[in-house]
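Have a look at the structure below, then the notes.
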Amino acid sequence: MTESITTTTATDRLFTTKQAGGRFLYKIYFTIFLTGIFSLLYYRCTHILHDHLVLWLLITLAEFWFSVTWIFQQGFRWAPTFHSTYPDELPSDLPPIDLLVCTADPDREPPALVANTLLSLMAYDYDVNKLAYYLSDDGGSELTFHAVYQASVFSKYWLPFCRKFNVEPRAPQVYFSSEEDVVNERGRQSFRQEYDAVKAKYEQMQEQIARATRLRKVPDEVRKGHKGFKEWDSKVDPRHHQPIIEVLIRGDGEDRDVEGNPMPTLVYVSREKHQGHPHHYKAGALNALNRVSALMSNAPLVLNVDCDMHSNNSQALLHAVCFFLDPKEGHRIGYVQFPQSFGGITENDLYGNGVKRIYEVEFYGTNAHNGPMYAGTGSVHRRESLNGRKYDPKVQLKVEDKSVRGNKNWEDLAVKAKALASSTFETGKPWGKEMGLMYGCAVEDVFTGLVLQSRGWQSVFYAPERKAYLGLAPVNTNDTLIQHKRWSTGLLEIFLSEYCPWTVGKLKLGQIMCYSFYTLWSLWCLPMLTYAFVLPLAMVNGIPLFPKVCNAPDPGRVALTTAALLQLLSQPFLIHTNLANVGLFLHFVV
Ligand SMILES: O=c1ccn([C@@H]2O[C@H](COP(=O)(O)OP(=O)(O)O[C@H]3O[C@H](CO)[C@@H](O)[C@H](O)[C@H]3O)[C@@H](O)[C@H]2O)c(=O)[nH]1
Ligand SMILES: [Mn+2]
């Protein structure tokens with residue numbers, strides 16, 4: 001596909017936008033396909049099978065719904081739009097960023113994975129004085145706290161090593177499992193020495209984490225290393241426990257790495273859980289982190305990452321900041337969404353869990369009309385947009401730095417933060433409704449993004465050349481079904497809520513089409529099943545449902561056949577999604 005630049009490449013811009021070329025060809029395809037759809041519906045209406053009325057009705061309704069879905073899908077396909085960023089043009093004084101990482105269960109999300117993700121993020125190429133990390137542990141697990149503690153110790157070796165040799169990726173587990181750098185740099189003695197030293201420290205950390213995880217207990221000699229372990233002197237029940245907040249690395253130059261450089265702040269947070277008080281899952285966890293981080297560092301930008309997704313590109317924050325600082329359009333942007341890529345999926349991506357269609361095709365289409373949905377991880381938000389502020393075109397809002405810096409009393413801050421992470425803090429307050437992540441929906445991310453966009457904010461989908469994040473996707477049928485069930489019910493909940501994309505307002509037509517496609521996604525399984533069962537049944541019983549192709553009196557027949565072929569050729573991923581939906585339906589029925 002050739003691409004043509006449609007907007008400026010002026011030097012003061014920090015990002016530019018261009019639309020995919022070849023759209024003329026797409027419009028031809030679109031016209032043929034649309035003609036095909038209309039001819040089919042016309043054929044159905046003029047050839048009612050009076051002897052098999054139920055059959056006819058089922059097929060007609062299924063085809064009608066396929067057609068509607070296809071039309072919604074054009075929101076994604078009509079004008080794929082790409083951005084380029086210019087990080088070299090950024091000012092030297094960058095805005096602070098708070099990085100919020102979520103974990104919930106040490107059995108499903110092993111502590112070693114959490115440590116690895118955290119270290120990959122801590123090694124971002126960015127002014128460390130501007131970064132503060134908050135890890136939310138909804139499992140309230142000593143094993144997770146231990147892994148975070150071990151990561152905080154190892155980071156003092158890892159960060160200077162990454163910076164000095166500019167290594168990539170900065171997830172130590174991934175980096176050390178490939179010997180690429182060692183082979184390439186074999187000649188350089190200094191690199192080799194440091195590599196070996198850091199690798200030894202890394203293996204020591206891994207061993208400590210693995211041992212504690214195996215024993216399900218942190219050894220006493222390690223517990224003495226940090227006062228935070230005292231919180232687990234008595235048993236902590238994941239569903240019922242006190243708020244735990246421990247500062248593991250003090251930023252602002254107080255704690256330093258082995259070479260004497262300042263470190264970013266790192267705080268472990270396990271919000272209070274109380275049976276009888278709703279905790280609102282990840283949305284509740286992020287809202288608690290939002291408040292704790294506002295008290296401790298209050299950066300104007302907030303990155304959210306799930307613990308099962310590590311950073312693969314140390315430049316990602318610089319790219320994101322280009323959008324917010326852009327002098328022309330930065331003030332409109334509420335959040336920047338990076339794609340999610342998955343490693344270690346099943347052979348041939350059997351379940352379609354690589355979700356490539358979303359991040360390699362569809363989200364570029366959303367860039368043409370106010371930007372993508374919020375996808376829950378790998379997303380940088382303007383704190384104000386999350387906190388309920390509406391976009392006002394009259395105010396050219398800058399990324400305002402009101403962050404808390406300078407001498408801090410960390411102990412005092414941790415005590416104050418506990419009140420913000422208590423299970424009753426939100427009672428009578430607008431959290432989850434007018435501010436923060438939205439409650440009451442299984443896909444809080446898409447829901448929250450929709451609400452932000454309905455308040456006038458734009459979003460941006462940006463995929464750097466080197467993948468920004470690599471994550472883990474379900475690899476078996478059961479986990480896949482659980483995830484799909486959660487997504488499809490959650491998305492349908494959004495459609496049925498007061499924020500239904502059809503009525504919420506402030507959305508562009510293309511945007512409404514995209515949100516309709518996703519929020520009504522689950523309904524797709526019904527026509528799919530109809531087609532899967534009714535067509536073969538009709539065929540076996542000799543009931544003709546389609547006109548004969550060779551003697552051609554009906555209009556649009558050639559168009560229909562061509563369109564069907566094009567559809568097959570153009571959508572290699574579709575089959576996966578549909579199979580998954582059929583599976584989902586069976587899951588409900590069986
Ligand atoms: O009570 C909870 C439950 C989950 N999580 C965290 O939420 C994240 C996402 O949960 P996961 O089970 O991994 O769900 P996925 O289906 O993989 O997540 C996708 O879908 C979710 C719902 O749409 C989004 O929130 C995620 O960001 C997106 O990656 C993980 O980091 C969990 O640790 C919590 O913090 N508290
Ligand atoms: Mn996940």
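Starting from 1 in every chain, residues are counted up; chains themselves are A, B, ... following the order of the structure tokens, and ligands are numbered from 1 as listed.
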Find the residues of chain A that sit at most 8 Å from ligand 1; for each, write down the nearest two atoms and how far apart they are in Å, to one decimal. Count only C-alpha atoms and all ligand atoms. Sort by chain, then by number going up, and give it as CSV.
```
residue,atom,partner,partner_atom_place_in_ligand_line,distance
A:Val101,CA,ligand 1,31 (O),7.1
A:Cys102,CA,ligand 1,31 (O),4.4
A:Thr103,CA,ligand 1,33 (O),3.2
A:Ala104,CA,ligand 1,33 (O),4.0
A:Asp105,CA,ligand 1,33 (O),6.6
A:Glu109,CA,ligand 1,33 (O),7.2
A:Ser136,CA,ligand 1,35 (O),6.6
A:Asp137,CA,ligand 1,35 (O),6.7
A:Asp138,CA,ligand 1,36 (N),5.3
A:Gly139,CA,ligand 1,36 (N),7.9
A:His279,CA,ligand 1,1 (O),7.4
A:His280,CA,ligand 1,1 (O),6.8
A:Tyr281,CA,ligand 1,1 (O),3.3
A:Lys282,CA,ligand 1,34 (C),3.8
A:Ala283,CA,ligand 1,36 (N),7.4
A:Gly284,CA,ligand 1,36 (N),7.5
A:Ala285,CA,ligand 1,35 (O),5.5
A:Leu286,CA,ligand 1,35 (O),7.3
A:Val305,CA,ligand 1,27 (O),7.2
A:Asp306,CA,ligand 1,31 (O),3.7
A:Cys307,CA,ligand 1,31 (O),4.8
A:Asp308,CA,ligand 1,31 (O),6.1
A:Gln340,CA,ligand 1,29 (O),8.0
A:Ala375,CA,ligand 1,27 (O),5.9
A:Gly376,CA,ligand 1,27 (O),3.2
A:Thr377,CA,ligand 1,27 (O),4.4
A:Ala442,CA,ligand 1,22 (C),6.2
A:Val443,CA,ligand 1,23 (O),3.6
A:Glu444,CA,ligand 1,23 (O),5.8
A:Asp445,CA,ligand 1,23 (O),5.3
A:Val446,CA,ligand 1,23 (O),6.6
A:Leu472,CA,ligand 1,17 (O),7.7
A:Ala473,CA,ligand 1,17 (O),6.5
A:Pro474,CA,ligand 1,17 (O),7.8
A:Gln483,CA,ligand 1,16 (O),5.2
A:His484,CA,ligand 1,16 (O),7.9
A:Arg486,CA,ligand 1,22 (C),7.6
A:Trp487,CA,ligand 1,23 (O),6.1
A:Gly490,CA,ligand 1,23 (O),7.7
```
message: Taking only range 207-440 of chain A into account, list the residues labelled alpha helix (DSSP H) by DSSP (computed from the backbone), as a VMD selection string.
response: chain A and resid 207 to 215 220 to 223 281 to 296 316 to 325 356 363 to 366 383 to 386 410 to 420
task: Show which residues sit within 7 Å of range 402-416 of chain A, as a VMD selection string. Count only C-alpha atoms, and ignore same-chain residues fewer than 4 positions away.
output: chain A and resid 245 to 246 252 296 to 299
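Nearest to Leu491 in chain A of all the residues A:Asn129, A:Gln458, A:Thr519, A:Asn476 is A:Thr519, based on only C-alpha atoms.
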Contacts of Gln396 in chain A at 12 Å (only C-alpha atoms; same-chain gap of 2+ positions) as a PyMOL selection string: chain A and resi 324-333+391-394+398-400
- prompt: Mind checking DSSP for range 290-383 of chain A and telling me the strand (DSSP E or B) residues as a ChimeraX atom specification?
  reply: /A:301-306,309-311,333-337,341-343,379-382
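Residue neighbourhood of range 507-511 of chain A, excluding near-sequence residues (fewer than 5 positions): A:Phe72, A:Gln74, A:Gly75, A:Phe76, A:Trp78, A:Thr366, A:Ala368, A:His369, A:Asn370, A:Gly371, A:Pro372, A:Gln453, A:Ser454, A:Gly456, A:Pro501, A:Trp502, A:Ser516, at 9 Å, using only C-alpha atoms.
Using only C-alpha atoms, the protein and nucleic acid residues lying no more than 7 Å from range 521-524 of chain A, apart from those fewer than 4 places from it along its own chain, are A:Ser488, A:Phe517, A:Met528.
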field: Å distance separating CA of Gly428 in chain A from CA of Gly449 in chain A, one decimal place
entry: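 For CA of Gly428 in chain A relative to CA of Gly449 in chain A, the distance reads 23.3 Å.
If only C-alpha atoms are the atoms counted, then among A:Val258, A:Leu143, A:Ala538, A:Leu135 the closest residue to Phe229 in chain A is A:Leu143.
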message: Given only C-alpha atoms as the basis, pick out the residue of A:Ala62, A:Ile543, A:Val247, A:Val218 nearest to Thr144 in chain A.
response: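 Using only C-alpha atoms, the shortest distance to Thr144 in chain A belongs to A:Val218.
Excluding range 12-16 of chain A itself and same-chain residues fewer than 2 positions from it, the residues having an atom within 6 Å of it are A:Ala10, A:His83, A:Ser84, A:Thr85, A:Tyr86, A:Cys322, A:Asp326, counting only C-alpha atoms.
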field: Nearest residue to Glu63 in chain A from the set A:Asn353, A:Thr530, A:Ser120, A:Ser341 (distances using only C-alpha atoms)
entry: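 Under the stated criterion, the closest residue is A:Thr530.
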